[in-house]
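Asker: Got target16.cif for you, mmCIF, C-alpha atoms:
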```cif
data_work
loop_
_atom_site.label_atom_id
_atom_site.label_comp_id
_atom_site.auth_asym_id
_atom_site.auth_seq_id
_atom_site.Cartn_x
_atom_site.Cartn_y
_atom_site.Cartn_z
CA MET H 23 137.56 215.55 187.35
CA GLU H 24 140.29 214.98 189.88
CA LYS H 25 140.56 211.76 191.88
CA THR H 26 141.30 211.89 195.60
CA VAL H 27 144.18 209.56 196.43
CA LYS H 28 144.51 210.41 200.12
CA LYS H 29 142.95 212.93 202.51
CA ASN H 30 145.43 214.31 205.04
CA THR H 31 144.02 216.30 207.96
CA ILE H 32 146.61 218.80 209.18
CA TYR H 33 144.55 220.75 211.70
CA SER H 34 141.20 220.26 213.41
CA GLY H 35 139.78 223.40 215.00
CA LYS H 36 136.63 224.74 216.58
CA VAL H 37 135.34 226.29 213.35
CA VAL H 38 137.49 224.89 210.54
CA ASN H 39 139.68 221.93 209.66
CA LEU H 40 142.61 222.05 207.23
CA ARG H 41 143.48 219.22 204.86
CA CYS H 42 146.24 218.78 202.31
CA ASP H 43 144.96 216.08 199.97
CA GLU H 44 146.89 214.09 197.42
CA VAL H 45 145.03 213.94 194.11
CA LEU H 46 145.38 212.66 190.58
CA LEU H 47 144.85 215.47 188.09
CA GLU H 48 142.88 215.11 184.84
CA ASN H 49 146.14 214.51 182.98
CA GLY H 50 147.07 211.64 185.34
CA LYS H 51 149.80 213.55 187.17
CA PRO H 52 149.84 213.82 190.97
CA GLY H 53 148.82 217.05 192.68
CA LYS H 54 147.97 218.52 196.06
CA ARG H 55 144.85 220.37 197.16
CA GLU H 56 144.70 222.42 200.36
CA ILE H 57 141.14 222.48 201.64
CA VAL H 58 139.63 224.45 204.49
CA GLU H 59 136.67 222.38 205.71
CA HIS H 60 133.87 224.58 207.04
CA PRO H 61 130.43 223.44 208.26
CA GLY H 62 128.70 226.11 206.19
CA GLY H 63 126.53 229.00 207.21
CA ALA H 64 123.17 230.64 206.90
CA ALA H 65 122.68 234.32 206.15
CA ILE H 66 119.51 236.36 206.25
CA LEU H 67 118.36 239.10 203.91
CA CYS H 68 115.62 241.16 205.50
CA GLU H 69 113.93 244.33 204.33
CA LYS H 70 111.98 245.90 207.19
CA GLU H 71 109.94 249.04 206.53
CA GLY H 72 111.99 249.79 203.41
CA LYS H 73 115.31 249.27 205.16
CA ILE H 74 117.83 246.44 204.98
CA VAL H 75 118.73 244.83 208.31
CA LEU H 76 122.52 244.71 208.67
CA VAL H 77 124.96 244.16 211.50
CA ARG H 78 128.20 246.04 212.09
CA GLN H 79 130.85 243.70 213.45
CA TYR H 80 134.62 243.76 213.92
CA ARG H 81 136.27 241.01 211.89
CA TYR H 82 139.67 240.05 213.27
CA ALA H 83 140.98 238.48 210.04
CA TYR H 84 140.60 241.82 208.23
CA GLY H 85 141.27 244.08 211.20
CA GLU H 86 138.19 246.18 210.54
CA GLU H 87 134.47 246.54 211.15
CA LEU H 88 132.25 245.24 208.37
CA LEU H 89 128.62 245.81 207.50
CA GLU H 90 127.02 242.43 206.86
CA ILE H 91 123.65 240.77 206.63
CA PRO H 92 123.04 238.70 209.78
CA ALA H 93 124.64 235.26 209.50
CA GLY H 94 126.22 232.42 211.38
CA LYS H 95 127.73 229.00 211.00
CA LEU H 96 125.76 225.80 211.01
CA ASN H 97 126.17 223.65 214.08
CA ARG H 98 127.00 219.98 213.54
CA GLY H 99 123.95 218.26 212.01
CA GLU H 100 121.92 221.50 211.91
CA GLU H 101 119.72 222.27 208.94
CA PRO H 102 120.44 225.61 207.22
CA LEU H 103 116.88 226.88 207.83
CA SER H 104 117.18 226.23 211.58
CA ALA H 105 120.50 228.06 211.67
CA ALA H 106 118.99 231.01 209.78
CA MET H 107 116.07 231.29 212.21
CA ARG H 108 118.40 231.00 215.23
CA GLU H 109 121.03 233.45 213.98
CA PHE H 110 118.48 236.05 212.86
CA GLU H 111 116.98 236.36 216.33
CA GLU H 112 120.32 236.01 218.16
CA GLU H 113 121.99 238.79 216.18
CA THR H 114 119.13 241.21 215.49
CA GLY H 115 116.45 240.54 218.08
CA LEU H 116 114.00 239.94 215.23
CA VAL H 117 111.97 236.82 214.50
CA ALA H 118 110.87 235.79 211.01
CA GLY H 119 107.47 234.18 210.57
CA LYS H 120 108.65 232.96 207.17
CA MET H 121 112.09 232.22 205.70
CA THR H 122 112.60 231.42 202.03
CA LEU H 123 115.83 230.07 200.59
CA LEU H 124 116.96 232.43 197.84
CA PHE H 125 120.21 230.75 196.79
CA ARG H 126 123.42 229.05 197.89
CA LEU H 127 126.73 230.87 197.72
CA TYR H 128 130.23 229.35 197.41
CA PRO H 129 132.34 232.16 198.96
CA SER H 130 135.76 230.90 197.86
CA PRO H 131 135.65 227.65 195.86
CA GLY H 132 139.41 227.55 195.28
CA TYR H 133 140.20 226.39 198.80
CA THR H 134 137.11 225.85 200.95
CA ASN H 135 134.02 223.65 200.86
CA GLU H 136 131.93 226.27 202.72
CA ILE H 137 128.41 226.85 201.46
CA ILE H 138 126.38 229.83 202.66
CA TYR H 139 122.61 229.52 202.38
CA ILE H 140 120.99 232.93 201.81
CA TYR H 141 117.43 233.25 203.12
CA LEU H 142 114.82 235.97 202.79
CA ALA H 143 113.14 236.78 206.12
CA GLU H 144 109.49 237.83 205.95
CA GLU H 145 106.65 238.45 208.41
CA VAL H 146 109.20 239.92 210.81
CA ARG H 147 108.34 240.77 214.41
CA GLU H 148 110.32 241.85 217.45
CA GLY H 149 112.02 239.13 219.48
CA LYS H 150 115.00 239.29 221.82
CA GLN H 151 118.62 239.72 220.83
CA HIS H 152 120.95 237.28 222.60
CA LEU H 153 124.51 237.43 221.31
CA ASP H 154 127.12 234.76 221.96
CA GLU H 155 129.56 235.72 224.74
CA ASP H 156 132.32 236.39 222.18
CA GLU H 157 130.06 238.30 219.77
CA PHE H 158 129.94 242.09 219.71
CA LEU H 159 127.82 243.72 217.04
CA SER H 160 125.26 246.42 216.47
CA VAL H 161 122.17 246.35 214.27
CA VAL H 162 122.08 248.87 211.43
CA LEU H 163 118.99 249.62 209.32
CA LEU H 164 119.74 251.18 205.92
CA PRO H 165 117.40 252.15 203.11
CA LEU H 166 117.94 249.76 200.17
CA LYS H 167 119.11 252.63 197.96
CA GLU H 168 121.78 253.61 200.49
CA ALA H 169 122.91 249.99 200.93
CA LYS H 170 123.23 249.68 197.14
CA LYS H 171 125.31 252.86 197.04
CA LEU H 172 127.65 251.54 199.75
CA CYS H 173 128.12 248.37 197.67
CA GLU H 174 128.98 250.43 194.59
CA GLU H 175 131.39 252.63 196.56
CA GLY H 176 133.24 249.60 197.95
CA LYS H 177 132.14 250.34 201.51
CA ILE H 178 130.26 247.05 201.84
CA THR H 179 132.87 244.42 201.03
CA ASP H 180 131.52 241.16 202.47
CA SER H 181 130.67 238.78 199.61
CA LYS H 182 127.44 237.36 201.03
CA THR H 183 126.16 240.87 201.79
CA LEU H 184 127.12 242.29 198.39
CA THR H 185 125.47 239.36 196.64
CA ALA H 186 122.29 239.53 198.73
CA ILE H 187 121.85 243.30 198.38
CA LEU H 188 122.49 243.27 194.64
CA TYR H 189 120.12 240.31 194.31
CA LEU H 190 117.42 242.30 196.09
CA CYS H 191 118.10 245.36 193.93
CA ALA H 192 117.77 243.26 190.78
CA HIS H 193 114.42 241.93 192.01
CA SER H 194 113.02 245.17 193.43
CA SER H 195 111.01 247.70 191.48
CA ASP H 196 111.88 250.33 194.10
CA VAL H 197 115.57 250.61 193.21
CA ASN H 198 116.76 251.68 189.80
CA MET H 199 120.11 249.98 189.16
CA GLU H 200 121.04 252.73 186.65
CA GLU H 201 120.97 255.51 189.26
#
```
Hey, can you dump this file as structure tokens for me?
Answerer:
Amino acid sequence: MEKTVKKNTIYSGKVVNLRCDEVLLENGKPGKREIVEHPGGAAILCEKEGKIVLVRQYRYAYGEELLEIPAGKLNRGEEPLSAAMREFEEETGLVAGKMTLLFRLYPSPGYTNEIIYIYLAEEVREGKQHLDEDEFLSVVLLPLKEAKKLCEEGKITDSKTLTAILYLCAHSSDVNMEE
């Protein structure tokens, strides 16, 4: 275990904060830890009529469009399930009658405290898509087998999406992982 000596906030932003903390290491020596504070997010895995619901969205940090499962950050004080329900309809125009937490994902534990809650959407019906004013994405429906192939070929690179699709493949009798 490391002991926090002092938390030093360097930057407070709209989405993230940056700290450079002073710590005592296990061996008693001083150290520093740079931490990106993030409120966390909720992501939704949905198989509709044999197809995975994905969104194609340009990601500025990488300078490219990515295929991802629908997701969004938690608002201050918001429960992950509420965020999942909200983001699913906002991004896809679909409403889930039932959401089940599958697992929590730590996307980069070396420098951020972000936790992504991955939910399975079931009993899905049509709703109304209503994107944020700075959000531009399109909904993509892919057969599970094709989504798995894109993961294997390195064409789906987002960690939450890779993890969710491979989780579904491991728990689905319809997809042979050896193919």
Asker: Ranking H:Asn97, H:Ser104, H:Thr183, H:Ser130 by minimum distance to Cys68 (chain H) and counting all atoms listed in the file, which one comes first?
Answerer: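 The shortest atom-to-atom distance to Cys68 (chain H) comes from H:Thr183.
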Asker: Can you list what the PyMOL selection byres ((chain H and resi 76-84) around 10) grabs from this structure, as a list in words?
Answerer: Ile66, Leu67, Cys68, Glu69, Lys73, Ile74, Val75, Gly85, Glu86, Glu87, Leu88, Leu89, Glu90, Ile91, Pro92, Ala93, Glu113, Thr114, Glu157, Phe158, Leu159, Ser160, Val161, Val162, Leu163, Leu164, Ala169 and Thr183 of chain H
Asker: Calculate how many Å separate CA of Val38 (chain H) from CA of Val58 (chain H), rounding to one decimal.
Answerer: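 Distance reported for this atom pair: 6.4 Å.
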Asker: Could you tell me which of H:Leu124, H:Ile187, H:Ile57, H:Leu172 comes closest to Ile138 (chain H) if we count only C-alpha atoms?
Answerer: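 Between H:Leu124, H:Ile187, H:Ile57, H:Leu172, the residue approaching Ile138 (chain H) most closely is H:Leu124.
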Asker: Given all atoms listed in the file as the basis, pick out the residue of H:Val37, H:Tyr141, H:Asp154, H:Lys70 nearest to Arg98 (chain H).
Answerer: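 Going through H:Val37, H:Tyr141, H:Asp154, H:Lys70 one by one, the smallest distance to Arg98 (chain H) is for H:Val37.
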Asker: Determine, counting all atoms listed in the file, which protein, DNA and RNA residues have an atom within 7 Å of an atom of region 47-50 of chain H; residues of the same chain fewer than 2 positions away are not included. Present the result as a ChimeraX atom specification.
Answerer: /H:23-25,45,52-53
Asker: Care to translate the PyMOL selection byres ((chain H and resi 137) around 12) into actual residues of this file, as a list in words?
Answerer: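 Applying the expression gives Val58, Glu59, His60, Pro61, Gly62, Gly63, Ala64, Ala65, Gly94, Lys95, Leu96, Pro102, Phe125, Arg126, Leu127, Tyr128, Pro129, Ser130, Pro131, Thr134, Asn135, Glu136, Ile138, Tyr139, Ile140 and Lys182 of chain H.
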Asker: Could you list, as JSON, numbers by chain, every residue within 6 Å of region 142-147 of chain H, counting all atoms listed in the file and ignoring same-chain residues fewer than 2 positions away?
Answerer: {"H": [66, 67, 68, 116, 117, 118, 119, 120, 121, 122]}
Asker: Please indicate the distance in Å from CA of Tyr33 (chain H) to CA of Leu46 (chain H), rounded to one decimal place.
Answerer: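 Pair CA of Tyr33 (chain H) / CA of Leu46 (chain H) returns 22.6 Å.
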Asker: Written as a count of residues only, which residues does the PyMOL selection byres ((chain H and resi 44) around 7) give for the file shown?
Answerer: 10
